[in-house]
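The structure appears right after this line, and notes come after that.
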Amino acid sequence: MPVLRLTSKLLAQIDTPPSPDGARPSPFGDWYGHLFTLDRRKCILFINEPTLFVCLALDVVKARYRQIIPFFIETLTSSLRVLPFGEDERAWIVETQQGLTVGPTLNRSTVGSLNNRIQDAKTVFDLRGGFGLCGVDELVNFLNETPMKPIGYCNGLEKMRELIAGVRK
């Protein structure tokens, strides 16, 4: 059963209480999430622990993400539609997230990668002109195709594809 691990800033904003940490390992590992701002608008970035695959939601209101698990599933689904995944792969990935629970962050390395991705998103967002000129799809593509050192200078999309191939054998 996967765990959606949220920073204390995001945990304080949601209605879902953290679950006791007795979850079974998931083939996809845990997901981490953080609330940040772009041009004084709230945004949430989710990152997968083993692959550093990114899901992003821009300009969100608290009422939309208070129930964080359905919000995460919706964000994951929209991010997968932007990237070159087939319909069956998207459906399978979303299906594996059933039974998702909420908990606090544990892995400092993943939190560091999460913060790096947020800084990358802010920089690209500003360079491309901000809201109205730079969309979420463009940022999701950029973030998932940019190599990162913690995963051997691969990118999140490649690592997610490897994970899917290994799990779906």
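Going by the structure tokens order, chains are called A, B, ..., each with residues numbered from 1, while ligands are numbered from 1 in the order shown.
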
Could you pull the residues within 10 Å of Asn115 of chain A, counting only C-alpha atoms, minus those fewer than 6 positions along the same chain, as a list in words?
Gly33, His34, Phe36, Leu45, Ile47, Ser109 and Ala121 of chain A

Using N, CA and C atoms, can you write the selected residues to a file as a PDB file, in the first residue's frame?
```pdb
ATOM      1  N   GLY A  33       4.864  15.062  -1.257  1.00  0.00           N
ATOM      2  CA  GLY A  33       4.193  16.260  -1.752  1.00  0.00           C
ATOM      3  C   GLY A  33       4.526  17.485  -0.926  1.00  0.00           C
ATOM      4  N   HIS A  34       4.515  18.633  -1.584  1.00  0.00           N
ATOM      5  CA  HIS A  34       4.805  19.903  -0.908  1.00  0.00           C
ATOM      6  C   HIS A  34       3.993  21.022  -1.546  1.00  0.00           C
ATOM      7  N   PHE A  36       3.734  24.999  -2.376  1.00  0.00           N
ATOM      8  CA  PHE A  36       4.599  26.158  -2.592  1.00  0.00           C
ATOM      9  C   PHE A  36       3.823  27.204  -3.385  1.00  0.00           C
ATOM     10  N   LEU A  45       3.484  20.147  -5.702  1.00  0.00           N
ATOM     11  CA  LEU A  45       4.314  19.247  -6.485  1.00  0.00           C
ATOM     12  C   LEU A  45       4.410  17.925  -5.740  1.00  0.00           C
ATOM     13  N   ILE A  47       6.268  14.028  -5.939  1.00  0.00           N
ATOM     14  CA  ILE A  47       7.396  13.340  -6.557  1.00  0.00           C
ATOM     15  C   ILE A  47       7.434  11.901  -6.044  1.00  0.00           C
ATOM     16  N   SER A 109      16.552  12.723   1.562  1.00  0.00           N
ATOM     17  CA  SER A 109      17.064  12.821   0.202  1.00  0.00           C
ATOM     18  C   SER A 109      15.929  13.113  -0.781  1.00  0.00           C
ATOM     19  N   ALA A 121      11.034  24.252 -11.259  1.00  0.00           N
ATOM     20  CA  ALA A 121       9.722  24.683 -11.758  1.00  0.00           C
ATOM     21  C   ALA A 121       9.580  26.203 -11.678  1.00  0.00           C
TER      22      ALA A 121
END
```

Where does DSSP see alpha helix (DSSP H) in chain A, if you list the residues as an NGL selection string?
:A and (8-11 or 62-65 or 68-82 or 87-96 or 108-127 or 136-145 or 156-167)

Which residue out of A:Leu127, A:Leu83, A:Ile69, A:Leu106 has the minimum interatomic distance to Arg161 of chain A when only C-alpha atoms are used?
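Once distances to Arg161 of chain A are computed over only C-alpha atoms, the minimum belongs to A:Leu83.
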
Using only C-alpha atoms, find the one residue out of A:Thr37, A:Ser8, A:Ser78, A:Thr123 that sits nearest to Leu56 of chain A.
A:Ser78

Close residues, Leu35 of chain A itself excluded, 8 Å, only C-alpha atoms, min 4 positions apart in chain, as an MDAnalysis selection string
chainID A and resid 7 9:10 42:45

Nearest to Arg117 of chain A, chosen from A:Leu52, A:Thr105, A:Asp137, A:Asp88, with only C-alpha atoms counted in the distances
A:Leu52

What separates atom CA of Pro50 of chain A and atom CA of Thr75 of chain A is a distance of 18.5 Å

Of the listed residues A:Cys55, A:Leu139, A:Val61, A:Leu133, that which approaches Arg40 of chain A most closely, counting only C-alpha atoms
A:Val61

Show me, as a Markdown table, the residues of segment 94-163 of chain A having an atom within 12 Å of segment 63-68 of chain A, each with the closest atom pair and its distance in Å, using only C-alpha atoms.
```
| residue | atom | partner | partner_atom | distance |
| --- | --- | --- | --- | --- |
| A:Leu100 | CA | A:Ile68 | CA | 10.3 |
| A:Thr101 | CA | A:Ile68 | CA | 9.8 |
| A:Val102 | CA | A:Ile68 | CA | 8.5 |
| A:Gly103 | CA | A:Ile68 | CA | 11.4 |
```

Give me the residues near Glu95 of chain A as a list in words, where near means some atom within 12 Å (using only C-alpha atoms) and where sequence neighbours in that chain fewer than 2 positions away do not count.
Met1, Pro2, Phe28, Ile73, Leu76, Thr77, Asp88, Glu89, Arg90, Ala91, Trp92, Ile93, Gln97, Gln98, Gly99 and Leu100 of chain A

Those residues with all heavy atoms, as a tab-separated table (two decimals), in the first residue's frame please?
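again.tsv written:
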```tsv
chain	number	residue	atom	x	y	z
A	1	MET	N	0.85	-1.17	0.00
A	1	MET	CA	0.00	0.00	0.00
A	1	MET	C	0.90	1.24	0.00
A	1	MET	O	1.72	1.42	0.88
A	1	MET	CB	-0.90	-0.01	1.24
A	1	MET	CG	-1.72	1.20	1.40
A	1	MET	SD	-2.75	1.26	2.89
A	1	MET	CE	-3.10	-0.41	3.28
A	2	PRO	N	0.75	2.09	-1.02
A	2	PRO	CA	1.59	3.28	-1.09
A	2	PRO	C	1.20	4.33	-0.05
A	2	PRO	O	0.07	4.38	0.41
A	2	PRO	CB	1.36	3.79	-2.51
A	2	PRO	CG	0.02	3.26	-2.89
A	2	PRO	CD	-0.15	1.97	-2.14
A	28	PHE	N	5.61	0.84	-6.33
A	28	PHE	CA	5.92	2.19	-6.77
A	28	PHE	C	6.59	3.02	-5.70
A	28	PHE	O	6.92	4.18	-5.93
A	28	PHE	CB	4.65	2.91	-7.24
A	28	PHE	CG	4.31	2.59	-8.65
A	28	PHE	CD1	3.38	1.61	-8.94
A	28	PHE	CD2	4.93	3.24	-9.70
A	28	PHE	CE1	3.07	1.30	-10.24
A	28	PHE	CE2	4.63	2.93	-11.00
A	28	PHE	CZ	3.69	1.96	-11.28
A	73	ILE	N	-4.64	11.72	-6.94
A	73	ILE	CA	-5.00	10.80	-8.04
A	73	ILE	C	-5.34	11.61	-9.29
A	73	ILE	O	-4.91	11.26	-10.40
A	73	ILE	CB	-6.16	9.87	-7.64
A	73	ILE	CG1	-5.77	8.98	-6.46
A	73	ILE	CG2	-6.67	9.05	-8.82
A	73	ILE	CD1	-4.68	7.97	-6.75
A	76	LEU	N	-2.02	13.04	-10.64
A	76	LEU	CA	-1.25	11.96	-11.26
A	76	LEU	C	-1.82	11.62	-12.63
A	76	LEU	O	-1.08	11.50	-13.61
A	76	LEU	CB	-1.25	10.72	-10.35
A	76	LEU	CG	-0.61	9.45	-10.90
A	76	LEU	CD1	0.88	9.66	-11.17
A	76	LEU	CD2	-0.81	8.30	-9.93
A	77	THR	N	-3.13	11.47	-12.72
A	77	THR	CA	-3.79	11.13	-13.98
A	77	THR	C	-3.52	12.19	-15.04
A	77	THR	O	-3.18	11.85	-16.18
A	77	THR	CB	-5.31	10.96	-13.76
A	77	THR	OG1	-5.51	9.94	-12.77
A	77	THR	CG2	-6.01	10.56	-15.04
A	88	ASP	N	-3.63	2.00	-21.26
A	88	ASP	CA	-3.58	0.86	-20.34
A	88	ASP	C	-2.52	1.08	-19.25
A	88	ASP	O	-2.74	0.74	-18.09
A	88	ASP	CB	-3.33	-0.45	-21.09
A	88	ASP	CG	-2.00	-0.47	-21.85
A	88	ASP	OD1	-1.59	0.59	-22.35
A	88	ASP	OD2	-1.39	-1.55	-21.92
A	89	GLU	N	-1.39	1.69	-19.60
A	89	GLU	CA	-0.35	2.00	-18.60
A	89	GLU	C	-0.87	3.01	-17.58
A	89	GLU	O	-0.66	2.86	-16.38
A	89	GLU	CB	0.91	2.57	-19.26
A	89	GLU	CG	1.75	1.56	-19.98
A	89	GLU	CD	2.95	2.20	-20.64
A	89	GLU	OE1	2.79	3.23	-21.33
A	89	GLU	OE2	4.05	1.66	-20.45
A	90	ARG	N	-1.53	4.07	-18.08
A	90	ARG	CA	-2.08	5.08	-17.18
A	90	ARG	C	-3.08	4.47	-16.22
A	90	ARG	O	-3.03	4.72	-15.00
A	90	ARG	CB	-2.74	6.21	-17.97
A	90	ARG	CG	-1.76	7.10	-18.67
A	90	ARG	CD	-2.43	8.36	-19.18
A	90	ARG	NE	-3.52	8.14	-20.11
A	90	ARG	CZ	-3.43	8.26	-21.42
A	90	ARG	NH1	-2.29	8.60	-21.98
A	90	ARG	NH2	-4.48	8.06	-22.19
A	91	ALA	N	-3.98	3.67	-16.74
A	91	ALA	CA	-5.00	3.04	-15.90
A	91	ALA	C	-4.35	2.12	-14.87
A	91	ALA	O	-4.76	2.10	-13.70
A	91	ALA	CB	-5.99	2.27	-16.76
A	92	TRP	N	-3.34	1.37	-15.28
A	92	TRP	CA	-2.66	0.45	-14.36
A	92	TRP	C	-1.94	1.21	-13.26
A	92	TRP	O	-2.00	0.85	-12.09
A	92	TRP	CB	-1.69	-0.43	-15.14
A	92	TRP	CG	-1.00	-1.41	-14.28
A	92	TRP	CD1	-1.50	-2.59	-13.79
A	92	TRP	CD2	0.33	-1.30	-13.75
A	92	TRP	NE1	-0.56	-3.22	-13.02
A	92	TRP	CE2	0.57	-2.45	-12.97
A	92	TRP	CE3	1.33	-0.36	-13.88
A	92	TRP	CZ2	1.78	-2.66	-12.32
A	92	TRP	CZ3	2.52	-0.56	-13.24
A	92	TRP	CH2	2.74	-1.71	-12.46
A	93	ILE	N	-1.24	2.31	-13.60
A	93	ILE	CA	-0.53	3.10	-12.60
A	93	ILE	C	-1.51	3.67	-11.58
A	93	ILE	O	-1.28	3.60	-10.38
A	93	ILE	CB	0.30	4.23	-13.27
A	93	ILE	CG1	1.45	3.62	-14.08
A	93	ILE	CG2	0.83	5.20	-12.22
A	93	ILE	CD1	2.13	4.62	-15.01
A	97	GLN	N	-2.40	2.78	-7.12
A	97	GLN	CA	-2.42	3.78	-6.04
A	97	GLN	C	-3.65	3.64	-5.15
A	97	GLN	O	-3.83	4.43	-4.22
A	97	GLN	CB	-2.36	5.20	-6.63
A	97	GLN	CG	-1.15	5.44	-7.50
A	97	GLN	CD	0.17	5.08	-6.83
A	97	GLN	OE1	0.46	5.50	-5.72
A	97	GLN	NE2	0.97	4.28	-7.52
A	98	GLN	N	-4.49	2.66	-5.40
A	98	GLN	CA	-5.66	2.43	-4.56
A	98	GLN	C	-5.20	2.03	-3.16
A	98	GLN	O	-4.23	1.32	-2.99
A	98	GLN	CB	-6.56	1.34	-5.15
A	98	GLN	CG	-7.07	1.68	-6.54
A	98	GLN	CD	-7.75	3.03	-6.61
A	98	GLN	OE1	-8.57	3.39	-5.79
A	98	GLN	NE2	-7.38	3.81	-7.62
A	99	GLY	N	-5.90	2.52	-2.15
A	99	GLY	CA	-5.51	2.22	-0.78
A	99	GLY	C	-4.44	3.16	-0.26
A	99	GLY	O	-3.82	2.90	0.77
A	100	LEU	N	-4.19	4.24	-0.97
A	100	LEU	CA	-3.19	5.23	-0.59
A	100	LEU	C	-3.50	5.79	0.80
A	100	LEU	O	-4.64	6.06	1.12
A	100	LEU	CB	-3.21	6.35	-1.63
A	100	LEU	CG	-2.09	7.36	-1.66
A	100	LEU	CD1	-0.78	6.69	-2.05
A	100	LEU	CD2	-2.41	8.45	-2.67
```

Suppose you want the space between atom CA of Pro17 of chain A and atom CA of Val54 of chain A; what is it in Å?
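Atom-to-atom, atom CA of Pro17 of chain A and atom CA of Val54 of chain A are spaced 23.6 Å apart.
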